[in-house]
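File shown: input21.cif. Contents: mmCIF, C-alpha atoms and all ligand atoms.
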data_protein
#
loop_
_atom_site.label_atom_id
_atom_site.label_comp_id
_atom_site.auth_asym_id
_atom_site.auth_seq_id
_atom_site.Cartn_x
_atom_site.Cartn_y
_atom_site.Cartn_z
CA MET A 1 118.65 102.78 95.23
CA ILE A 2 117.32 102.00 98.71
CA LYS A 3 119.91 104.43 100.09
CA LYS A 4 118.48 107.16 97.85
CA LEU A 5 114.95 106.21 98.90
CA LEU A 6 115.92 106.57 102.57
CA GLU A 7 117.41 110.00 101.89
CA ILE A 8 114.20 111.10 100.20
CA LEU A 9 112.03 109.81 103.02
CA LYS A 10 114.10 111.74 105.55
CA ASP A 11 114.17 114.83 103.38
CA GLN A 12 110.37 114.81 102.90
CA ASN A 13 109.64 113.91 106.54
CA ILE A 14 107.79 110.77 105.49
CA ILE A 15 107.41 108.27 108.33
CA TYR A 16 109.05 104.88 107.82
CA GLU A 17 110.25 101.88 109.79
CA LYS A 18 113.05 99.49 108.91
CA ASN A 19 112.99 95.68 109.07
CA VAL A 20 109.37 95.38 110.07
CA SER A 21 107.81 92.03 110.91
CA LEU A 22 104.59 91.68 108.90
CA LYS A 23 103.21 89.67 111.81
CA GLU A 24 103.00 92.92 113.72
CA LYS A 25 101.40 94.92 110.94
CA THR A 26 98.92 92.70 109.14
CA TRP A 27 95.37 91.69 109.93
CA LEU A 28 96.21 87.96 109.80
CA LYS A 29 99.47 88.47 111.71
CA ARG A 30 101.37 86.61 109.03
CA GLY A 31 104.28 87.22 106.67
CA GLY A 32 108.02 87.69 106.68
CA THR A 33 109.94 90.93 107.12
CA ALA A 34 109.57 94.11 105.10
CA LYS A 35 112.82 96.02 104.66
CA LEU A 36 110.88 99.30 104.71
CA TRP A 37 107.36 100.02 105.93
CA ILE A 38 106.44 103.51 104.71
CA GLN A 39 103.49 105.46 106.06
CA PRO A 40 102.78 108.70 104.13
CA GLU A 41 100.53 111.06 106.07
CA ASN A 42 98.60 112.63 103.22
CA LYS A 43 97.90 112.32 99.50
CA ASP A 44 100.79 114.58 98.42
CA MET A 45 103.30 112.49 100.35
CA LEU A 46 101.81 109.29 98.93
CA LEU A 47 101.98 110.66 95.39
CA PHE A 48 105.56 111.81 95.86
CA ILE A 49 106.79 108.47 97.12
CA ILE A 50 104.84 106.39 94.58
CA ARG A 51 106.24 108.47 91.71
CA PHE A 52 109.76 107.94 93.04
CA LEU A 53 109.23 104.18 93.27
CA TYR A 54 107.73 103.94 89.76
CA ASP A 55 110.45 106.19 88.26
CA ASN A 56 113.19 104.10 89.79
CA HIS A 57 111.56 100.73 89.07
CA ILE A 58 111.55 99.75 92.74
CA ASN A 59 109.03 96.98 93.44
CA PHE A 60 106.60 97.74 96.22
CA GLU A 61 103.36 96.60 97.80
CA ILE A 62 100.63 99.02 98.75
CA VAL A 63 98.24 98.09 101.53
CA GLY A 64 95.34 99.62 103.38
CA ASN A 65 94.07 97.75 106.40
CA THR A 66 95.45 94.40 105.07
CA SER A 67 92.05 92.80 105.75
CA ASN A 68 92.09 91.27 102.28
CA CYS A 69 95.78 90.29 102.21
CA TYR A 70 97.49 86.99 102.87
CA PHE A 71 101.27 87.21 103.15
CA THR A 72 103.13 83.92 103.27
CA GLU A 73 105.63 83.35 106.06
CA ASN A 74 108.66 83.46 103.76
CA TYR A 75 107.60 86.63 101.95
CA ASP A 76 110.10 89.42 102.66
CA PRO A 77 109.15 92.45 100.55
CA ILE A 78 111.55 95.34 100.10
CA VAL A 79 109.00 98.15 100.38
CA ILE A 80 105.45 98.27 101.70
CA ILE A 81 103.44 101.48 101.58
CA SER A 82 100.63 101.74 104.11
CA THR A 83 97.82 104.14 103.20
CA LEU A 84 96.18 104.18 106.63
CA LYS A 85 97.09 107.81 107.26
CA VAL A 86 96.00 109.07 103.84
CA CYS A 87 92.59 110.14 105.08
CA ASP A 88 91.81 113.40 103.27
CA PHE A 89 88.06 114.15 103.29
CA GLU A 90 86.38 116.78 101.12
CA ILE A 91 82.73 117.45 100.29
CA ASN A 92 81.94 119.29 97.07
CA ASN A 93 78.68 119.73 95.08
CA GLY A 94 76.99 116.45 96.00
CA THR A 95 80.18 114.41 95.92
CA LEU A 96 82.61 113.36 98.59
CA ILE A 97 86.30 112.72 97.95
CA CYS A 98 88.14 110.51 100.44
CA GLY A 99 91.86 109.79 100.58
CA CYS A 100 92.49 106.11 99.73
CA GLY A 101 93.24 105.27 103.38
CA TYR A 102 89.94 106.57 104.74
CA ASN A 103 88.21 103.97 106.89
CA LEU A 104 85.18 102.37 105.21
CA LYS A 105 83.25 101.83 108.47
CA LYS A 106 83.81 105.49 109.35
CA LEU A 107 82.50 106.54 105.93
CA SER A 108 79.41 104.38 106.44
CA LYS A 109 78.80 105.90 109.87
CA PHE A 110 79.28 109.45 108.55
CA CYS A 111 76.76 108.88 105.76
CA ILE A 112 74.15 107.31 108.03
CA GLU A 113 74.47 110.13 110.56
CA ASN A 114 74.04 112.69 107.78
CA GLY A 115 71.05 111.00 106.11
CA ILE A 116 73.04 109.93 103.03
CA ALA A 117 71.74 106.65 101.62
CA GLY A 118 73.59 103.73 100.02
CA TYR A 119 76.35 103.21 102.58
CA GLU A 120 74.55 101.29 105.35
CA GLY A 121 75.83 97.86 104.24
CA PHE A 122 79.48 98.88 104.65
CA ILE A 123 79.14 99.41 108.40
CA GLY A 124 80.92 96.18 109.39
CA ILE A 125 83.50 95.82 106.60
CA PRO A 126 87.03 96.37 107.86
CA GLY A 127 89.32 98.22 105.47
CA THR A 128 89.99 101.40 103.57
CA VAL A 129 87.99 103.02 100.77
CA GLY A 130 90.95 102.40 98.41
CA GLY A 131 90.92 98.66 99.13
CA ALA A 132 87.13 98.58 98.80
CA ALA A 133 87.08 100.48 95.49
CA ILE A 134 89.58 98.02 94.02
CA ASN A 135 87.86 94.91 95.36
CA ASN A 136 84.30 96.18 94.79
CA SER A 137 83.63 95.28 98.40
CA GLY A 138 80.14 95.06 99.74
CA ALA A 139 77.65 93.30 101.95
CA ARG A 140 73.91 92.89 102.47
CA GLY A 141 73.09 94.00 98.91
CA TYR A 142 75.27 97.11 99.02
CA VAL A 143 78.41 97.26 96.85
CA ILE A 144 80.89 100.08 96.64
CA SER A 145 80.46 100.31 92.85
CA GLN A 146 76.92 101.59 93.47
CA VAL A 147 78.31 104.72 95.10
CA VAL A 148 81.78 105.26 93.57
CA THR A 149 81.66 107.90 90.84
CA ARG A 150 85.38 107.86 89.97
CA VAL A 151 88.76 106.90 91.32
CA GLU A 152 91.91 108.99 91.20
CA ILE A 153 95.05 107.02 90.37
CA VAL A 154 98.70 107.67 89.71
CA THR A 155 99.76 105.60 86.72
CA THR A 156 103.03 103.70 86.44
CA SER A 157 104.35 106.59 84.34
CA GLY A 158 103.56 109.00 87.19
CA LYS A 159 100.52 110.67 85.62
CA ILE A 160 97.41 111.46 87.64
CA LYS A 161 94.19 110.16 86.09
CA TRP A 162 90.56 110.04 87.15
CA ILE A 163 88.96 106.73 86.14
CA GLY A 164 85.17 106.86 85.87
CA ASN A 165 82.95 104.16 87.35
CA ASN A 166 82.10 102.82 83.87
CA GLN A 167 85.81 102.31 83.09
CA LEU A 168 86.38 100.28 86.23
CA GLY A 169 84.60 97.22 84.79
CA TYR A 170 82.94 96.52 88.11
CA LYS A 171 81.66 92.97 88.68
CA HIS A 172 81.35 90.78 91.76
CA ARG A 173 84.48 91.59 93.84
CA TYR A 174 86.22 92.67 90.65
CA SER A 175 87.50 95.83 89.00
CA THR A 176 89.94 96.57 86.20
CA LEU A 177 92.27 97.91 88.90
CA LYS A 178 92.19 94.57 90.69
CA SER A 179 92.92 92.61 87.49
CA LEU A 180 95.66 95.16 86.64
CA ARG A 181 94.03 95.90 83.27
CA VAL A 182 94.26 99.45 84.61
CA LYS A 183 97.64 99.82 86.27
CA GLY A 184 98.26 102.32 89.00
CA THR A 185 97.92 103.24 92.62
CA VAL A 186 94.67 104.62 93.99
CA LEU A 187 95.10 108.05 95.56
CA SER A 188 91.49 108.91 96.33
CA VAL A 189 87.94 107.82 95.71
CA GLU A 190 85.00 110.04 94.80
CA PHE A 191 81.53 109.08 96.06
CA ASP A 192 78.00 110.08 95.13
CA ILE A 193 76.32 111.42 98.26
CA SER A 194 73.16 112.77 96.65
CA ARG A 195 70.73 109.98 97.69
CA ARG A 196 68.87 110.69 100.91
CA ASP A 197 66.93 108.53 103.34
CA ASP A 198 65.52 108.63 106.84
CA LYS A 199 68.39 108.62 109.32
CA SER A 200 66.65 106.48 111.93
CA VAL A 201 65.69 103.83 109.35
CA MET A 202 69.28 103.62 108.13
CA LEU A 203 70.60 103.47 111.68
CA LYS A 204 68.30 100.54 112.49
CA LYS A 205 69.40 98.71 109.32
CA ALA A 206 73.07 99.23 110.18
CA GLU A 207 72.53 97.94 113.72
CA ASN A 208 70.89 94.80 112.34
CA TYR A 209 73.75 94.28 109.88
CA LEU A 210 76.26 94.48 112.71
CA ILE A 211 74.29 92.00 114.82
CA HIS A 212 74.06 89.63 111.83
CA ARG A 213 77.83 89.87 111.37
CA ARG A 214 78.53 89.23 115.07
CA VAL A 215 76.26 86.19 115.11
CA ASN A 216 77.34 84.68 111.79
CA GLN A 217 81.02 85.51 111.48
CA GLU A 218 83.81 83.83 113.31
CA ASN A 219 85.49 86.38 115.53
CA LYS A 220 87.41 84.09 117.82
CA TYR A 221 90.08 83.17 115.28
CA LEU A 222 91.78 85.45 112.77
CA ASN A 223 90.09 85.31 109.38
CA LEU A 224 89.60 87.29 106.17
CA GLY A 225 85.81 87.38 106.37
CA SER A 226 83.76 85.38 103.89
CA ILE A 227 85.19 84.05 100.68
CA PHE A 228 82.90 83.91 97.68
CA SER A 229 83.93 82.41 94.39
CA GLU A 230 82.01 81.90 91.22
CA LEU A 231 83.06 78.95 89.12
CA ASP A 232 81.66 78.82 85.62
CA LEU A 233 81.74 75.04 85.24
CA PHE A 234 79.37 74.75 82.30
CA LYS A 235 80.33 77.62 80.06
CA ASN A 236 77.34 79.21 78.27
CA LYS A 237 74.98 76.62 79.76
CA ARG A 238 74.76 76.93 83.44
CA SER A 239 76.94 78.56 85.99
CA LEU A 240 77.34 77.17 89.43
CA ARG A 241 77.94 79.47 92.28
CA PHE A 242 79.88 78.17 95.20
CA LYS A 243 79.62 80.07 98.36
CA LEU A 244 82.37 79.27 100.77
CA PHE A 245 81.69 80.43 104.24
CA THR A 246 84.16 81.91 106.63
CA ILE A 247 87.46 80.16 106.58
CA SER A 248 88.94 80.54 109.98
CA LYS A 249 92.38 79.48 110.86
CA ARG A 250 94.09 79.51 114.19
CA VAL A 251 97.37 81.28 113.64
CA THR A 252 100.10 79.95 115.82
C1 LIG A 301 86.43 90.03 109.41
C2 LIG A 301 86.37 90.45 107.96
C3 LIG A 301 85.14 90.67 107.36
C4 LIG A 301 85.07 91.05 106.01
N1 LIG A 301 83.85 91.25 105.44
C5 LIG A 301 83.77 91.61 104.14
C6 LIG A 301 82.50 91.83 103.52
O1 LIG A 301 81.45 91.71 104.13
N2 LIG A 301 82.49 92.18 102.21
C7 LIG A 301 83.64 92.35 101.48
O2 LIG A 301 83.55 92.70 100.30
N3 LIG A 301 84.85 92.15 102.05
C8 LIG A 301 84.95 91.79 103.34
N4 LIG A 301 86.18 91.59 103.92
C9 LIG A 301 87.40 91.75 103.11
C10 LIG A 301 88.04 93.16 103.25
O3 LIG A 301 87.65 93.76 104.44
C11 LIG A 301 87.63 94.07 102.09
O4 LIG A 301 88.01 93.49 100.86
C12 LIG A 301 88.27 95.46 102.22
O5 LIG A 301 87.67 96.31 101.27
C13 LIG A 301 89.78 95.43 102.02
O6 LIG A 301 90.28 96.73 102.30
P1 LIG A 301 91.75 96.92 102.87
O7 LIG A 301 92.03 98.37 103.03
O8 LIG A 301 91.95 96.06 104.08
O9 LIG A 301 92.61 96.34 101.66
P2 LIG A 301 93.98 95.55 101.77
O10 LIG A 301 93.72 94.18 102.30
O11 LIG A 301 95.01 96.35 102.48
O12 LIG A 301 94.38 95.45 100.23
C14 LIG A 301 93.62 94.65 99.36
C15 LIG A 301 94.21 94.77 97.94
O13 LIG A 301 94.04 96.11 97.48
C16 LIG A 301 95.31 96.68 97.15
N5 LIG A 301 95.28 98.09 97.58
C17 LIG A 301 94.88 98.58 98.78
N6 LIG A 301 94.94 99.94 98.76
C18 LIG A 301 95.39 100.29 97.53
C19 LIG A 301 95.67 101.54 96.88
N7 LIG A 301 95.50 102.71 97.50
N8 LIG A 301 96.10 101.52 95.60
C20 LIG A 301 96.29 100.35 94.94
N9 LIG A 301 96.06 99.14 95.50
C21 LIG A 301 95.62 99.11 96.77
C22 LIG A 301 96.35 95.87 97.93
O14 LIG A 301 97.60 95.91 97.28
C23 LIG A 301 95.72 94.49 97.90
O15 LIG A 301 96.01 93.85 96.68
C24 LIG A 301 86.27 91.22 105.26
C25 LIG A 301 87.51 91.00 105.88
C26 LIG A 301 87.56 90.63 107.21
C27 LIG A 301 88.90 90.44 107.85
#

When written as C-alpha cells, how does the structure in this file appear?
Ligand SMILES: Cc1cc2nc3c(=O)[nH]c(=O)nc-3n(C[C@H](O)[C@H](O)[C@H](O)COP(=O)(O)OP(=O)(O)OC[C@H]3O[C@@H](n4cnc5c(N)ncnc54)[C@H](O)[C@@H]3O)c2cc1C
Amino acid sequence: MIKKLLEILKDQNIIYEKNVSLKEKTWLKRGGTAKLWIQPENKDMLLFIIRFLYDNHINFEIVGNTSNCYFTENYDPIVIISTLKVCDFEINNGTLICGCGYNLKKLSKFCIENGIAGYEGFIGIPGTVGGAAINNSGARGYVISQVVTRVEIVTTSGKIKWIGNNQLGYKHRYSTLKSLRVKGTVLSVEFDISRRDDKSVMLKKAENYLIHRRVNQENKYLNLGSIFSELDLFKNKRSLRFKLFTISKRVT
C-alpha cells in the first residue's frame, strides 16, 4: 500500500520526504523516524491525500506546528502529514476562513492591524489555527472558541462536513474533535471577524502579553508552554484546580 501511496504522491506533485527523523521536525526535537513525512501545499492536496489514507485504512498522524505534541524516542510512525503549508486565507461577509495550517500568531497580528477584536491574546501562542481549534487554545482570557464559528473537516468516510461551534463541545482546552467524539481531520477554520476595537489599544495589549510571556515563560530550554489540568477530586462537592507551571526539560 505504501508503494501505491508513493505513486500517488508523485502523480499529484505532493511534497514528501522518506525516513525522516522526528528530532529534526518537531518542536521538542524528539521522536523516532517517520517512514513518510508528507507536506501538502494547499487544502485540495490535503483533502486528496487524507481521503486516500482513510480509504485504504493507512494509519497516519496529522500535525501542525507540533507545539503541543510529545513523540517518544521509540515512536516510528509510518505516515505523518504536516499542515504547515495549508495556509489558504479568505475573507467573506464578516467571516474569515483560514486553511488549517495558517499560523495563529500571524492571524492575531492580522486582526490587530485591521482593528478586529478578540484575537489579541493569541499573539504569543505558537501553532496553527487547526491545532488551536482542536485544543481550544488560548491565553490571557482569550480562547479560540470565542471566535471560531465553524470548522471544516473531512470525516473518516471521506465526506466534507462543517461543524458549528456549538457542536464542538468547547471547554477548557477541550473539543469533541480532541476527544475524538467527532472523528476527522480539520481542513479549515472559520472565524468571526465582526467585532471591532481601537487598533492602538489592541496593539498595546498584545505588546504587554508578549512581554509577560517573555518574562514568565522558560525560553532557554525546550518546552510545551504551560500545562494546566483540572482534577475533579471531590465530585459534585468541590473541584480543585491544579495549575502546573511550565515544565521545562533539557533535551539531550
Ligand atoms: C512555548 C509554548 C507556549 C505555549 N503557550 C500556549 C498558550 O498560551 N495557550 C495554549 O492554549 N497553548 C499553548 N501552547 C501549546 C500549543 O502552542 C497550542 O496548543 C497550539 O494551538 C498547538 O498548535 P499546533 O499547530 O502546534 O498543534 P500540534 O502540536 O501540531 O497538534 C496538536 C494536536 O492537534 C492535532 N492536529 C493538528 N492539526 C490538525 C488537523 N488539521 N486536523 C486534525 N488534527 C490536527 C494533532 O494531531 C495533535 O493531536 C504553547 C506551546 C509552546 C511550545

Give me the residues near stretch 172-184 of chain A as a PDB file with C-alpha atoms, in the frame of the given file, where near means some atom within 12 Å (using only C-alpha atoms) and where sequence neighbours in that chain fewer than 6 positions away do not count.
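Below is the file around29.pdb, written as the result:
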ATOM      1  CA  LEU A  47     101.980 110.660  95.390  1.00  0.00           C
ATOM      2  CA  ILE A  50     104.840 106.390  94.580  1.00  0.00           C
ATOM      3  CA  ARG A  51     106.240 108.470  91.710  1.00  0.00           C
ATOM      4  CA  LEU A  53     109.230 104.180  93.270  1.00  0.00           C
ATOM      5  CA  TYR A  54     107.730 103.940  89.760  1.00  0.00           C
ATOM      6  CA  PHE A  60     106.600  97.740  96.220  1.00  0.00           C
ATOM      7  CA  GLU A  61     103.360  96.600  97.800  1.00  0.00           C
ATOM      8  CA  ILE A  62     100.630  99.020  98.750  1.00  0.00           C
ATOM      9  CA  ASN A  68      92.090  91.270 102.280  1.00  0.00           C
ATOM     10  CA  GLY A 130      90.950 102.400  98.410  1.00  0.00           C
ATOM     11  CA  GLY A 131      90.920  98.660  99.130  1.00  0.00           C
ATOM     12  CA  ALA A 132      87.130  98.580  98.800  1.00  0.00           C
ATOM     13  CA  ALA A 133      87.080 100.480  95.490  1.00  0.00           C
ATOM     14  CA  ILE A 134      89.580  98.020  94.020  1.00  0.00           C
ATOM     15  CA  ASN A 135      87.860  94.910  95.360  1.00  0.00           C
ATOM     16  CA  ASN A 136      84.300  96.180  94.790  1.00  0.00           C
ATOM     17  CA  SER A 137      83.630  95.280  98.400  1.00  0.00           C
ATOM     18  CA  GLY A 138      80.140  95.060  99.740  1.00  0.00           C
ATOM     19  CA  ALA A 139      77.650  93.300 101.950  1.00  0.00           C
ATOM     20  CA  GLY A 141      73.090  94.000  98.910  1.00  0.00           C
ATOM     21  CA  TYR A 142      75.270  97.110  99.020  1.00  0.00           C
ATOM     22  CA  VAL A 143      78.410  97.260  96.850  1.00  0.00           C
ATOM     23  CA  ILE A 144      80.890 100.080  96.640  1.00  0.00           C
ATOM     24  CA  SER A 145      80.460 100.310  92.850  1.00  0.00           C
ATOM     25  CA  GLN A 146      76.920 101.590  93.470  1.00  0.00           C
ATOM     26  CA  VAL A 148      81.780 105.260  93.570  1.00  0.00           C
ATOM     27  CA  VAL A 151      88.760 106.900  91.320  1.00  0.00           C
ATOM     28  CA  GLU A 152      91.910 108.990  91.200  1.00  0.00           C
ATOM     29  CA  ILE A 153      95.050 107.020  90.370  1.00  0.00           C
ATOM     30  CA  VAL A 154      98.700 107.670  89.710  1.00  0.00           C
ATOM     31  CA  THR A 155      99.760 105.600  86.720  1.00  0.00           C
ATOM     32  CA  THR A 156     103.030 103.700  86.440  1.00  0.00           C
ATOM     33  CA  SER A 157     104.350 106.590  84.340  1.00  0.00           C
ATOM     34  CA  GLY A 158     103.560 109.000  87.190  1.00  0.00           C
ATOM     35  CA  LYS A 159     100.520 110.670  85.620  1.00  0.00           C
ATOM     36  CA  ILE A 160      97.410 111.460  87.640  1.00  0.00           C
ATOM     37  CA  LYS A 161      94.190 110.160  86.090  1.00  0.00           C
ATOM     38  CA  TRP A 162      90.560 110.040  87.150  1.00  0.00           C
ATOM     39  CA  ILE A 163      88.960 106.730  86.140  1.00  0.00           C
ATOM     40  CA  GLY A 164      85.170 106.860  85.870  1.00  0.00           C
ATOM     41  CA  ASN A 165      82.950 104.160  87.350  1.00  0.00           C
ATOM     42  CA  ASN A 166      82.100 102.820  83.870  1.00  0.00           C
ATOM     43  CA  SER A 226      83.760  85.380 103.890  1.00  0.00           C
ATOM     44  CA  ILE A 227      85.190  84.050 100.680  1.00  0.00           C
ATOM     45  CA  PHE A 228      82.900  83.910  97.680  1.00  0.00           C
ATOM     46  CA  SER A 229      83.930  82.410  94.390  1.00  0.00           C
ATOM     47  CA  GLU A 230      82.010  81.900  91.220  1.00  0.00           C
ATOM     48  CA  ARG A 241      77.940  79.470  92.280  1.00  0.00           C
TER      49      ARG A 241
END

Excluding same-chain residues fewer than 5 positions from A:Lys205, what lies within 9 Å of it counting all atoms listed in the file, as a PDB file with C-alpha atoms, in the coordinates of the input?
ATOM      1  CA  GLU A 120      74.550 101.290 105.350  1.00  0.00           C
ATOM      2  CA  GLY A 121      75.830  97.860 104.240  1.00  0.00           C
ATOM      3  CA  SER A 200      66.650 106.480 111.930  1.00  0.00           C
ATOM      4  CA  LEU A 210      76.260  94.480 112.710  1.00  0.00           C
TER       5      LEU A 210
END

request  = Would you mind listing what lies within 10 Å of A:Thr33 as a ChimeraX atom specification, with only C-alpha atoms counted and same-chain residues fewer than 4 positions away left out?
outcome  = /A:18-24,37,73-79

Write to file, as a PDB file, keeping the file's coordinate frame, the residues of the selection just made, with C-alpha atoms.
ATOM      1  CA  LYS A  18     113.050  99.490 108.910  1.00  0.00           C
ATOM      2  CA  ASN A  19     112.990  95.680 109.070  1.00  0.00           C
ATOM      3  CA  VAL A  20     109.370  95.380 110.070  1.00  0.00           C
ATOM      4  CA  SER A  21     107.810  92.030 110.910  1.00  0.00           C
ATOM      5  CA  LEU A  22     104.590  91.680 108.900  1.00  0.00           C
ATOM      6  CA  LYS A  23     103.210  89.670 111.810  1.00  0.00           C
ATOM      7  CA  GLU A  24     103.000  92.920 113.720  1.00  0.00           C
ATOM      8  CA  TRP A  37     107.360 100.020 105.930  1.00  0.00           C
ATOM      9  CA  GLU A  73     105.630  83.350 106.060  1.00  0.00           C
ATOM     10  CA  ASN A  74     108.660  83.460 103.760  1.00  0.00           C
ATOM     11  CA  TYR A  75     107.600  86.630 101.950  1.00  0.00           C
ATOM     12  CA  ASP A  76     110.100  89.420 102.660  1.00  0.00           C
ATOM     13  CA  PRO A  77     109.150  92.450 100.550  1.00  0.00           C
ATOM     14  CA  ILE A  78     111.550  95.340 100.100  1.00  0.00           C
ATOM     15  CA  VAL A  79     109.000  98.150 100.380  1.00  0.00           C
TER      16      VAL A  79
END

inquiry  = To one decimal place in Å, what is the distance between atom CA of A:Leu104 and atom CA of A:Tyr209?
reply    =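 One can read the atom CA of A:Leu104 to atom CA of A:Tyr209 distance as 14.8 Å.
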
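For the pair atom CA of A:Ile8 and atom CA of A:Tyr102, the separation is 25.1 Å.
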
task = Identify, on the basis of all atoms listed in the file, every residue whose closest approach to A:Ile112 does not exceed 9 Å; exclude the query and any residue fewer than 4 positions from it along the same chain; express the result as a ChimeraX atom specification.
result = /A:107-108,116-120,197-200,202-203,206

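Proximity ranking of A:Asn56, A:His212, A:Lys3, A:Thr83 relative to ligand LIG 301 (chain A) places A:Thr83 first, based on all atoms listed in the file.
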
remark   = Counting all atoms listed in the file, the residue among A:Leu96, A:Leu46, A:Val215, A:Val201 that lies closest to ligand LIG 301 (chain A) is A:Leu46

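Remark: for ligand LIG 301 (chain A), the closest of the candidate residues A:Lys43, A:Lys35, A:His57, A:Arg150 is A:Lys43 (distances computed over all atoms listed in the file).
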
query = For ligand LIG 301 (chain A), which of A:Gly64, A:Gly169, A:Gly32, A:Gly101 is the closest residue, counting only C-alpha atoms and all ligand atoms?
reply = A:Gly64

inquiry  = Calculated over only C-alpha atoms, which of the candidates A:Ile80, A:Cys69, A:Ile58, A:Leu5 has the smallest distance to A:Ala34?
reply    =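 Of A:Ile80, A:Cys69, A:Ile58, A:Leu5, the one nearest A:Ala34 is A:Ile80, counting only C-alpha atoms.
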
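The spacing separating atom CA of A:Arg30 from atom CA of A:Lys105 amounts to 23.7 Å.
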